[in-house]
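Source file: start-v1.tsv (TSV, C-alpha atoms)
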```tsv
chain	number	residue	atom	x	y	z
K	1	MET	CA	-101.57	136.36	51.01
K	2	ASN	CA	-98.07	135.63	49.68
K	3	GLU	CA	-96.66	136.27	53.13
K	4	GLN	CA	-99.13	133.92	54.75
K	5	PHE	CA	-98.00	131.06	52.48
K	6	MET	CA	-94.33	131.77	53.12
K	7	ARG	CA	-94.97	131.88	56.86
K	8	GLU	CA	-96.47	128.40	56.58
K	9	ALA	CA	-93.33	127.16	54.77
K	10	ILE	CA	-91.14	128.72	57.50
K	11	ARG	CA	-93.36	127.31	60.25
K	12	LEU	CA	-92.92	123.81	58.77
K	13	SER	CA	-89.16	124.26	58.55
K	14	VAL	CA	-88.96	125.03	62.28
K	15	ALA	CA	-91.54	122.53	63.52
K	16	MET	CA	-90.06	119.59	61.64
K	17	MET	CA	-86.48	120.47	62.51
K	18	ARG	CA	-87.53	120.48	66.19
K	19	ARG	CA	-89.12	117.05	65.78
K	20	GLY	CA	-85.84	115.73	64.38
K	21	LYS	CA	-87.15	115.11	60.86
K	22	GLY	CA	-84.17	116.69	59.10
K	23	GLY	CA	-82.65	120.06	58.12
K	24	PRO	CA	-84.43	123.41	58.64
K	25	PHE	CA	-86.32	123.55	55.36
K	26	GLY	CA	-90.05	123.77	54.57
K	27	ALA	CA	-92.14	124.37	51.45
K	28	VAL	CA	-95.76	124.61	50.34
K	29	VAL	CA	-97.33	124.34	46.88
K	30	VAL	CA	-100.24	126.70	46.35
K	31	CYS	CA	-103.02	126.43	43.75
K	32	GLY	CA	-105.21	129.54	43.59
K	33	ASP	CA	-105.57	130.52	47.24
K	34	ARG	CA	-105.22	127.02	48.64
K	35	VAL	CA	-102.21	125.06	49.92
K	36	VAL	CA	-102.27	121.74	48.02
K	37	GLY	CA	-98.92	120.32	49.16
K	38	HIS	CA	-96.79	120.57	52.29
K	39	GLY	CA	-93.16	119.51	52.42
K	40	TRP	CA	-90.25	119.51	54.83
K	41	ASN	CA	-86.77	118.10	54.83
K	42	ALA	CA	-86.90	114.46	55.88
K	43	VAL	CA	-83.53	113.23	54.59
K	44	THR	CA	-82.23	111.85	57.87
K	45	SER	CA	-85.52	110.63	59.36
K	46	ARG	CA	-86.64	108.80	56.21
K	47	ASN	CA	-83.21	107.74	54.99
K	48	ASP	CA	-84.00	109.45	51.70
K	49	PRO	CA	-81.46	111.88	50.23
K	50	THR	CA	-84.15	113.11	47.80
K	51	ALA	CA	-86.60	114.04	50.58
K	52	HIS	CA	-86.00	117.78	50.36
K	53	ALA	CA	-88.86	120.12	51.27
K	54	GLU	CA	-89.65	121.19	47.69
K	55	VAL	CA	-89.61	117.61	46.31
K	56	MET	CA	-91.89	116.48	49.14
K	57	ALA	CA	-94.30	119.40	48.60
K	58	ILE	CA	-94.44	118.76	44.83
K	59	ARG	CA	-95.06	115.06	45.36
K	60	GLN	CA	-97.84	115.72	47.85
K	61	ALA	CA	-99.46	118.37	45.63
K	62	CYS	CA	-99.50	116.00	42.63
K	63	ARG	CA	-100.95	113.22	44.78
K	64	ASN	CA	-103.68	115.55	46.08
K	65	LEU	CA	-104.53	116.97	42.66
K	66	ASN	CA	-104.18	113.58	40.97
K	67	ARG	CA	-101.98	114.82	38.14
K	68	PHE	CA	-98.30	115.06	37.28
K	69	HIS	CA	-98.13	118.71	36.16
K	70	LEU	CA	-98.69	121.82	38.25
K	71	GLU	CA	-98.79	124.61	35.64
K	72	ASP	CA	-101.37	126.52	37.70
K	73	CYS	CA	-99.43	126.29	40.96
K	74	GLU	CA	-96.70	128.24	42.76
K	75	ILE	CA	-94.19	127.08	45.33
K	76	TYR	CA	-93.14	128.85	48.52
K	77	THR	CA	-89.91	127.51	49.93
K	78	SER	CA	-88.16	128.63	53.10
K	79	CYS	CA	-84.81	128.51	51.25
K	80	GLU	CA	-83.64	128.91	47.67
K	81	PRO	CA	-83.80	125.47	46.02
K	82	CYS	CA	-80.83	123.21	45.33
K	83	PRO	CA	-80.35	121.99	41.71
K	84	MET	CA	-82.34	118.81	42.39
K	85	CYS	CA	-85.32	120.75	43.68
K	86	LEU	CA	-85.03	123.42	41.00
K	87	ALA	CA	-85.05	120.77	38.26
K	88	ALA	CA	-88.02	119.08	39.97
K	89	MET	CA	-89.85	122.44	39.80
K	90	TYR	CA	-89.28	122.49	36.03
K	91	TRP	CA	-90.43	118.90	35.59
K	92	ALA	CA	-93.57	119.76	37.60
K	93	ARG	CA	-94.02	122.87	35.42
K	94	LEU	CA	-94.63	125.14	38.40
K	95	ARG	CA	-95.30	128.64	37.16
K	96	LYS	CA	-93.53	130.63	39.86
K	97	GLY	CA	-91.54	130.32	43.07
K	98	TYR	CA	-90.87	132.35	46.22
K	99	TYR	CA	-87.91	131.77	48.54
K	100	ALA	CA	-86.88	133.23	51.91
K	101	ASN	CA	-83.36	132.19	52.93
K	102	THR	CA	-80.77	132.34	50.15
K	103	ARG	CA	-78.21	129.79	48.96
K	104	LYS	CA	-75.55	131.85	50.75
K	105	ASP	CA	-77.50	131.73	54.00
K	106	ALA	CA	-77.70	127.94	53.61
K	107	ALA	CA	-73.96	127.65	52.88
K	108	ARG	CA	-73.24	129.60	56.08
K	109	ILE	CA	-74.94	126.90	58.21
K	110	GLY	CA	-73.26	124.03	56.39
K	111	PHE	CA	-75.60	123.25	53.48
K	112	ASN	CA	-73.43	123.86	50.50
K	113	ASP	CA	-75.41	123.43	47.30
K	114	ALA	CA	-72.84	125.49	45.41
K	115	LEU	CA	-70.68	122.47	44.61
K	116	ILE	CA	-73.65	120.64	43.10
K	117	TYR	CA	-74.66	123.72	41.08
K	118	GLN	CA	-71.10	123.86	39.69
K	119	GLU	CA	-70.96	120.16	38.94
K	120	VAL	CA	-74.32	120.06	37.13
K	121	ALA	CA	-73.16	122.93	34.90
K	122	ARG	CA	-69.96	121.09	33.89
K	123	PRO	CA	-69.60	118.77	30.89
K	124	LYS	CA	-69.68	115.21	32.17
K	125	SER	CA	-66.01	114.54	31.44
K	126	LYS	CA	-65.08	117.29	33.94
K	127	ARG	CA	-67.28	116.23	36.84
K	128	LYS	CA	-66.06	114.71	40.11
K	129	LEU	CA	-68.72	112.01	39.87
K	130	ARG	CA	-67.52	109.96	36.92
K	131	MET	CA	-70.04	108.62	34.43
K	132	ALA	CA	-68.99	105.92	31.99
K	133	PRO	CA	-70.88	104.91	28.82
K	134	LEU	CA	-72.01	101.29	28.51
K	135	LEU	CA	-74.23	99.24	26.15
K	136	ARG	CA	-75.80	102.17	24.33
K	137	ASP	CA	-76.69	99.92	21.37
K	138	GLU	CA	-78.87	97.72	23.57
K	139	ALA	CA	-80.61	100.62	25.29
K	140	LEU	CA	-81.41	102.34	21.99
K	141	LYS	CA	-83.87	99.53	21.29
K	142	ALA	CA	-85.96	100.62	24.27
K	143	PHE	CA	-86.10	104.15	22.88
K	144	ALA	CA	-87.12	102.88	19.44
K	145	GLU	CA	-89.92	100.91	21.06
K	146	TRP	CA	-91.15	104.04	22.89
K	147	GLU	CA	-91.12	105.94	19.60
K	148	SER	CA	-93.43	103.43	17.96
K	149	LYS	CA	-95.61	102.82	21.03
K	150	ALA	CA	-99.18	103.77	20.10
K	151	ASP	CA	-100.60	104.34	23.58
K	152	LYS	CA	-97.74	106.25	25.19
K	153	LEU	CA	-98.53	108.97	27.70
K	154	ARG	CA	-96.13	111.89	27.28
K	155	TYR	CA	-95.10	114.16	30.14
J	1	MET	CA	-70.34	92.16	35.70
J	2	ASN	CA	-70.86	95.80	34.70
J	3	GLU	CA	-72.73	94.71	31.62
J	4	GLN	CA	-74.99	92.45	33.64
J	5	PHE	CA	-76.06	95.38	35.84
J	6	MET	CA	-76.67	97.63	32.86
J	7	ARG	CA	-78.72	94.92	31.18
J	8	GLU	CA	-80.91	94.81	34.29
J	9	ALA	CA	-81.43	98.61	34.08
J	10	ILE	CA	-82.33	98.29	30.38
J	11	ARG	CA	-84.63	95.33	31.08
J	12	LEU	CA	-86.50	97.43	33.66
J	13	SER	CA	-86.80	100.33	31.24
J	14	VAL	CA	-88.51	98.10	28.66
J	15	ALA	CA	-90.65	96.03	31.03
J	16	MET	CA	-92.09	99.02	32.88
J	17	MET	CA	-92.68	101.02	29.71
J	18	ARG	CA	-94.67	98.05	28.38
J	19	ARG	CA	-96.71	97.94	31.58
J	20	GLY	CA	-97.57	101.62	31.12
J	21	LYS	CA	-95.66	102.84	34.17
J	22	GLY	CA	-93.99	105.77	32.38
J	23	GLY	CA	-91.14	106.66	30.01
J	24	PRO	CA	-88.50	104.12	28.83
J	25	PHE	CA	-86.02	104.56	31.66
J	26	GLY	CA	-84.59	102.12	34.20
J	27	ALA	CA	-81.81	102.18	36.80
J	28	VAL	CA	-80.19	100.00	39.44
J	29	VAL	CA	-77.98	100.89	42.40
J	30	VAL	CA	-75.23	98.37	43.06
J	31	CYS	CA	-73.28	97.83	46.30
J	32	GLY	CA	-70.34	95.45	45.87
J	33	ASP	CA	-71.72	92.78	43.56
J	34	ARG	CA	-75.33	93.11	44.67
J	35	VAL	CA	-78.23	95.17	43.30
J	36	VAL	CA	-79.63	97.08	46.31
J	37	GLY	CA	-82.10	99.35	44.50
J	38	HIS	CA	-84.27	99.07	41.39
J	39	GLY	CA	-85.92	102.06	39.75
J	40	TRP	CA	-87.99	102.88	36.70
J	41	ASN	CA	-89.79	105.92	35.40
J	42	ALA	CA	-93.20	106.12	37.07
J	43	VAL	CA	-94.06	109.78	36.46
J	44	THR	CA	-97.39	109.22	34.72
J	45	SER	CA	-98.53	106.12	36.61
J	46	ARG	CA	-97.80	107.57	40.06
J	47	ASN	CA	-98.57	111.19	39.27
J	48	ASP	CA	-95.12	112.07	40.50
J	49	PRO	CA	-92.88	114.27	38.34
J	50	THR	CA	-89.92	113.33	40.54
J	51	ALA	CA	-90.38	109.58	39.98
J	52	HIS	CA	-87.49	109.22	37.53
J	53	ALA	CA	-85.64	105.89	37.39
J	54	GLU	CA	-82.50	107.12	39.17
J	55	VAL	CA	-84.42	108.86	41.98
J	56	MET	CA	-86.52	105.73	42.52
J	57	ALA	CA	-83.45	103.46	42.55
J	58	ILE	CA	-81.62	105.72	45.03
J	59	ARG	CA	-84.66	105.90	47.31
J	60	GLN	CA	-85.07	102.12	47.26
J	61	ALA	CA	-81.35	101.50	47.87
J	62	CYS	CA	-81.36	103.83	50.90
J	63	ARG	CA	-84.49	102.15	52.25
J	64	ASN	CA	-82.92	98.72	51.84
J	65	LEU	CA	-79.58	99.71	53.35
J	66	ASN	CA	-81.23	101.82	56.06
J	67	ARG	CA	-79.02	104.87	55.52
J	68	PHE	CA	-79.08	108.15	53.59
J	69	HIS	CA	-75.65	108.00	51.95
J	70	LEU	CA	-74.40	105.55	49.34
J	71	GLU	CA	-70.65	106.28	49.17
J	72	ASP	CA	-69.90	102.62	48.51
J	73	CYS	CA	-72.46	102.26	45.70
J	74	GLU	CA	-72.62	102.79	41.94
J	75	ILE	CA	-75.60	103.51	39.72
J	76	TYR	CA	-76.38	101.99	36.33
J	77	THR	CA	-78.94	103.99	34.40
J	78	SER	CA	-80.35	103.19	30.99
J	79	CYS	CA	-80.04	106.88	30.03
J	80	GLU	CA	-77.81	109.78	31.00
J	81	PRO	CA	-79.41	111.50	34.02
J	82	CYS	CA	-81.36	114.77	33.93
J	83	PRO	CA	-80.19	117.55	36.30
J	84	MET	CA	-82.65	116.44	39.00
J	85	CYS	CA	-81.30	112.90	38.97
J	86	LEU	CA	-77.69	114.02	38.67
J	87	ALA	CA	-78.07	116.29	41.71
J	88	ALA	CA	-79.79	113.43	43.57
J	89	MET	CA	-76.73	111.27	42.80
J	90	TYR	CA	-74.51	113.91	44.44
J	91	TRP	CA	-76.78	114.19	47.50
J	92	ALA	CA	-76.67	110.39	47.80
J	93	ARG	CA	-72.86	110.53	47.42
J	94	LEU	CA	-72.79	107.74	44.86
J	95	ARG	CA	-69.22	107.07	43.86
J	96	LYS	CA	-69.68	106.34	40.17
J	97	GLY	CA	-72.29	106.05	37.42
J	98	TYR	CA	-72.77	104.21	34.15
J	99	TYR	CA	-75.24	105.25	31.44
J	100	ALA	CA	-76.37	103.70	28.16
J	101	ASN	CA	-78.52	106.07	26.09
J	102	THR	CA	-77.27	109.65	25.92
J	103	ARG	CA	-79.04	112.97	26.50
J	104	LYS	CA	-79.10	113.43	22.72
J	105	ASP	CA	-80.74	110.05	22.23
J	106	ALA	CA	-83.39	111.10	24.80
J	107	ALA	CA	-83.94	114.45	23.09
J	108	ARG	CA	-84.53	112.63	19.80
J	109	ILE	CA	-87.52	110.79	21.27
J	110	GLY	CA	-88.99	113.87	22.91
J	111	PHE	CA	-87.34	113.98	26.35
J	112	ASN	CA	-85.51	117.23	26.29
J	113	ASP	CA	-83.50	117.70	29.46
J	114	ALA	CA	-81.29	120.26	27.70
J	115	LEU	CA	-83.60	123.15	28.60
J	116	ILE	CA	-83.47	122.23	32.29
J	117	TYR	CA	-79.67	121.87	32.18
J	118	GLN	CA	-79.46	125.37	30.68
J	119	GLU	CA	-81.88	126.85	33.18
J	120	VAL	CA	-80.16	125.36	36.23
J	121	ALA	CA	-76.84	126.84	35.05
J	122	ARG	CA	-78.31	130.35	34.74
J	123	PRO	CA	-78.35	132.98	37.50
J	124	LYS	CA	-81.85	133.07	38.95
J	125	SER	CA	-82.68	136.48	37.51
J	126	LYS	CA	-82.28	135.03	33.98
J	127	ARG	CA	-84.40	131.91	34.37
J	128	LYS	CA	-87.79	131.32	32.78
J	129	LEU	CA	-89.17	130.09	36.10
J	130	ARG	CA	-89.21	133.26	38.16
J	131	MET	CA	-88.20	133.14	41.82
J	132	ALA	CA	-89.04	136.07	44.08
J	133	PRO	CA	-87.49	136.75	47.52
J	134	LEU	CA	-89.87	136.98	50.49
J	135	LEU	CA	-89.54	137.17	54.30
J	136	ARG	CA	-85.86	136.30	54.52
J	137	ASP	CA	-85.61	137.92	57.97
J	138	GLU	CA	-88.19	135.53	59.39
J	139	ALA	CA	-86.62	132.43	57.82
J	140	LEU	CA	-83.15	133.32	59.06
J	141	LYS	CA	-84.37	132.56	62.59
J	142	ALA	CA	-84.89	128.92	61.62
J	143	PHE	CA	-81.30	128.74	60.36
J	144	ALA	CA	-80.00	130.30	63.59
J	145	GLU	CA	-81.91	127.70	65.57
J	146	TRP	CA	-80.34	124.91	63.48
J	147	GLU	CA	-76.90	126.37	64.11
J	148	SER	CA	-77.35	126.18	67.86
J	149	LYS	CA	-79.22	122.86	67.90
J	150	ALA	CA	-77.17	120.43	69.99
J	151	ASP	CA	-78.55	117.14	68.66
J	152	LYS	CA	-78.65	117.90	64.94
J	153	LEU	CA	-77.92	115.14	62.47
J	154	ARG	CA	-75.91	116.48	59.53
J	155	TYR	CA	-76.12	115.02	56.04
```
For the file at hand, write its structure as structure tokens.
Amino acid sequence: MNEQFMREAIRLSVAMMRRGKGGPFGAVVVCGDRVVGHGWNAVTSRNDPTAHAEVMAIRQACRNLNRFHLEDCEIYTSCEPCPMCLAAMYWARLRKGYYANTRKDAARIGFNDALIYQEVARPKSKRKLRMAPLLRDEALKAFAEWESKADKLRY
Amino acid sequence: MNEQFMREAIRLSVAMMRRGKGGPFGAVVVCGDRVVGHGWNAVTSRNDPTAHAEVMAIRQACRNLNRFHLEDCEIYTSCEPCPMCLAAMYWARLRKGYYANTRKDAARIGFNDALIYQEVARPKSKRKLRMAPLLRDEALKAFAEWESKADKLRY
């Protein structure tokens, strides 16, 4: 069963690469014994740097299930996730993941997530992408309003 | 000028929270002196755990500019980015960022990105979200095909 789902993720990675959608990456989200989300890399065809296979599969699964958490779901991805996709898996509360190709395999064909993994782990003052603080006092008011908002929907 | 852009990000964070779109977060992507992408948190209203303000602003900016890299752009976000958004900023190749509220401010109102930052920095064998290897040999074929693909578009 597990292998069947991974084969579907790999099949997507190949089919969509051949159609020129983007890099050779596919993923499926599975709930029980059913695929509820399909995803493939569509960065270059959609002009969307966030359109990685795992993000796309999570988004489709949530749309299909009509909810924003996937605690009862697992993800099968044809390659170990990058930090963006891994963090998305946490936000979606997926309970488990399976991967086929490794980060090292991906680096060997020119997809080097290692730099981003290193950067995310660094304190912000040490990162290549500089982040400067600005107008915190004004933004804090928005947070205070959220705190006191009676009908807020937490996630 | 900088302050004007940040005020727009903060304005979005408040306006969209009040309309029930999601958490109190807004962002804008700026190219030169022009806002080319607006984003706000829409996790709960769109059933999309990846619909954070920064991701939405990056996606809109790329759509508007019709390209998948934003080397000449900066992002203004009403709160320090989570690891998903930070990694998305690297994939988009944004050249600089500005933030108002801090991660600690966000944690104080119940948005705790710290756990995800810790998890992303861990080796995969130590993470709470377990990832199991499966069918690497079959997936490697997709990578080999990418390697030899003549018309591939790198990103």
Can you pull out every residue within 12 Å of Lys152 of chain K, counting all atoms listed in the file, but drop anything in the same chain fewer than 5 positions away, and send it as a PyMOL selection string?
(chain K and resi 145-147) or (chain J and resi 16-24+44-45+109-110)
So which residues touch Asn47 of chain J within 6 Å, counting all atoms listed in the file, skipping near sequence neighbours fewer than 5 positions away, as a PDB file with C-alpha atoms, in the frame of the given file?
```
ATOM      1  CA  CYS K  62     -99.500 116.000  42.630  1.00  0.00           C
ATOM      2  CA  ARG K  67    -101.980 114.820  38.140  1.00  0.00           C
ATOM      3  CA  PHE K  68     -98.300 115.060  37.280  1.00  0.00           C
TER       4      PHE K  68
END
```
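Residue nearest Arg7 of chain J, chosen from J:Ala88, J:Leu115, J:Ala100, J:Leu70 and counting all atoms listed in the file: J:Ala100.
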Chain K near chain J within 7 Å: what's each residue's closest atom pair and its distance in Å to one decimal, counting only C-alpha atoms, ordered by chain then ascending residue number, as a tab-separated table?
```
residue	atom	partner	partner_atom	distance
K:Ile10	CA	J:Ala139	CA	5.9
K:Val14	CA	J:Ala142	CA	5.7
K:Pro24	CA	J:Ala142	CA	6.3
K:Val43	CA	J:Phe68	CA	6.8
K:Thr44	CA	J:Phe68	CA	6.5
K:Asn47	CA	J:Phe68	CA	4.4
K:Asp48	CA	J:Phe68	CA	5.4
K:Pro49	CA	J:Phe68	CA	5.6
K:Thr50	CA	J:Ala88	CA	6.1
K:Arg59	CA	J:Asp48	CA	5.7
K:Cys62	CA	J:Asn47	CA	5.9
K:Arg63	CA	J:Asn47	CA	6.3
K:Asn66	CA	J:Asn47	CA	6.3
K:Arg67	CA	J:Asn47	CA	5.1
K:Phe68	CA	J:Asn47	CA	4.4
K:Ser78	CA	J:Ala139	CA	6.3
K:Pro83	CA	J:Ala87	CA	6.1
K:Met84	CA	J:Met84	CA	4.1
K:Cys85	CA	J:Met84	CA	6.9
K:Ala87	CA	J:Met84	CA	5.0
K:Ala88	CA	J:Met84	CA	6.1
K:Tyr90	CA	J:Ile116	CA	6.9
K:Trp91	CA	J:Pro49	CA	5.9
K:Ala92	CA	J:Pro49	CA	5.6
K:Arg95	CA	J:Leu129	CA	6.4
K:Lys96	CA	J:Arg130	CA	5.3
K:Gly97	CA	J:Met131	CA	4.5
K:Tyr98	CA	J:Ala132	CA	4.7
K:Tyr99	CA	J:Pro133	CA	5.1
K:Ala100	CA	J:Arg136	CA	4.2
K:Asn101	CA	J:Arg136	CA	5.1
K:Ile109	CA	J:Glu147	CA	6.2
K:Ile116	CA	J:Ala87	CA	6.4
K:Val120	CA	J:Pro83	CA	6.4
K:Ala121	CA	J:Ala121	CA	5.4
K:Leu129	CA	J:Lys96	CA	5.8
K:Arg130	CA	J:Lys96	CA	5.3
K:Met131	CA	J:Gly97	CA	4.5
K:Ala132	CA	J:Tyr98	CA	4.7
K:Pro133	CA	J:Tyr99	CA	5.1
K:Leu134	CA	J:Ala100	CA	5.0
K:Leu135	CA	J:Ala100	CA	5.3
K:Arg136	CA	J:Ala100	CA	4.2
K:Ala139	CA	J:Ile10	CA	5.9
K:Leu140	CA	J:Asn101	CA	6.3
K:Ala142	CA	J:Val14	CA	5.7
K:Phe143	CA	J:Pro24	CA	6.4
K:Trp146	CA	J:Pro24	CA	6.5
K:Glu147	CA	J:Ile109	CA	6.3
```
d(atom CA of His52 of chain J, atom CA of Gly37 of chain J) in Å
13.2 Å
For a test of reading the model, state the distance in Å between atom CA of Glu54 of chain K and atom CA of Ser125 of chain K, rounded to one decimal.
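Computing it gives 29.4 Å between the two atoms.
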Interatomic distance, atom CA of Gly39 of chain K to atom CA of Met1 of chain K (Å, one decimal)
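Spanning atom CA of Gly39 of chain K to atom CA of Met1 of chain K is a straight-line distance of 18.9 Å.
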Reconstruct N, CA, C and O atoms of segment 11-26 of chain J from the incomplete input and present them as a short mmCIF file (atom, residue, chain, number, x, y, z; two decimals), in the coordinates of the input.
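New file part01.cif:
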```cif
data_model
loop_
_atom_site.label_atom_id
_atom_site.label_comp_id
_atom_site.auth_asym_id
_atom_site.auth_seq_id
_atom_site.Cartn_x
_atom_site.Cartn_y
_atom_site.Cartn_z
N ARG J 11 -83.47 96.22 31.00
CA ARG J 11 -84.63 95.33 31.08
C ARG J 11 -85.78 96.02 31.81
O ARG J 11 -86.93 95.99 31.36
N LEU J 12 -85.47 96.70 32.92
CA LEU J 12 -86.50 97.43 33.66
C LEU J 12 -87.13 98.52 32.80
O LEU J 12 -88.34 98.73 32.84
N SER J 13 -86.29 99.23 32.06
CA SER J 13 -86.80 100.33 31.24
C SER J 13 -87.84 99.83 30.24
O SER J 13 -88.87 100.48 30.02
N VAL J 14 -87.59 98.66 29.66
CA VAL J 14 -88.51 98.10 28.66
C VAL J 14 -89.75 97.51 29.33
O VAL J 14 -90.89 97.79 28.94
N ALA J 15 -89.53 96.72 30.38
CA ALA J 15 -90.65 96.03 31.03
C ALA J 15 -91.65 97.02 31.60
O ALA J 15 -92.87 96.85 31.43
N MET J 16 -91.18 98.08 32.23
CA MET J 16 -92.09 99.02 32.88
C MET J 16 -92.76 99.95 31.87
O MET J 16 -93.91 100.34 32.06
N MET J 17 -92.04 100.27 30.80
CA MET J 17 -92.68 101.02 29.71
C MET J 17 -93.84 100.20 29.16
O MET J 17 -94.93 100.73 28.95
N ARG J 18 -93.60 98.90 28.94
CA ARG J 18 -94.67 98.05 28.38
C ARG J 18 -95.86 97.94 29.32
O ARG J 18 -97.00 97.81 28.88
N ARG J 19 -95.60 98.00 30.62
CA ARG J 19 -96.71 97.94 31.58
C ARG J 19 -97.38 99.30 31.78
O ARG J 19 -98.24 99.43 32.66
N GLY J 20 -96.92 100.30 31.03
CA GLY J 20 -97.57 101.62 31.12
C GLY J 20 -97.20 102.42 32.36
O GLY J 20 -97.93 103.32 32.77
N LYS J 21 -96.04 102.12 32.95
CA LYS J 21 -95.66 102.84 34.17
C LYS J 21 -95.17 104.25 33.88
O LYS J 21 -95.30 105.14 34.71
N GLY J 22 -94.54 104.45 32.70
CA GLY J 22 -93.99 105.77 32.38
C GLY J 22 -93.03 105.68 31.21
O GLY J 22 -93.13 104.75 30.39
N GLY J 23 -92.10 106.62 31.11
CA GLY J 23 -91.14 106.66 30.01
C GLY J 23 -90.16 105.50 30.06
O GLY J 23 -90.07 104.79 31.06
N PRO J 24 -89.39 105.29 28.97
CA PRO J 24 -88.50 104.12 28.83
C PRO J 24 -87.16 104.29 29.55
O PRO J 24 -86.11 104.38 28.90
N PHE J 25 -87.23 104.33 30.88
CA PHE J 25 -86.02 104.56 31.66
C PHE J 25 -85.96 103.61 32.85
O PHE J 25 -86.95 103.45 33.57
N GLY J 26 -84.79 103.00 33.06
CA GLY J 26 -84.59 102.12 34.20
C GLY J 26 -83.24 102.37 34.84
O GLY J 26 -82.33 102.91 34.19
#
```
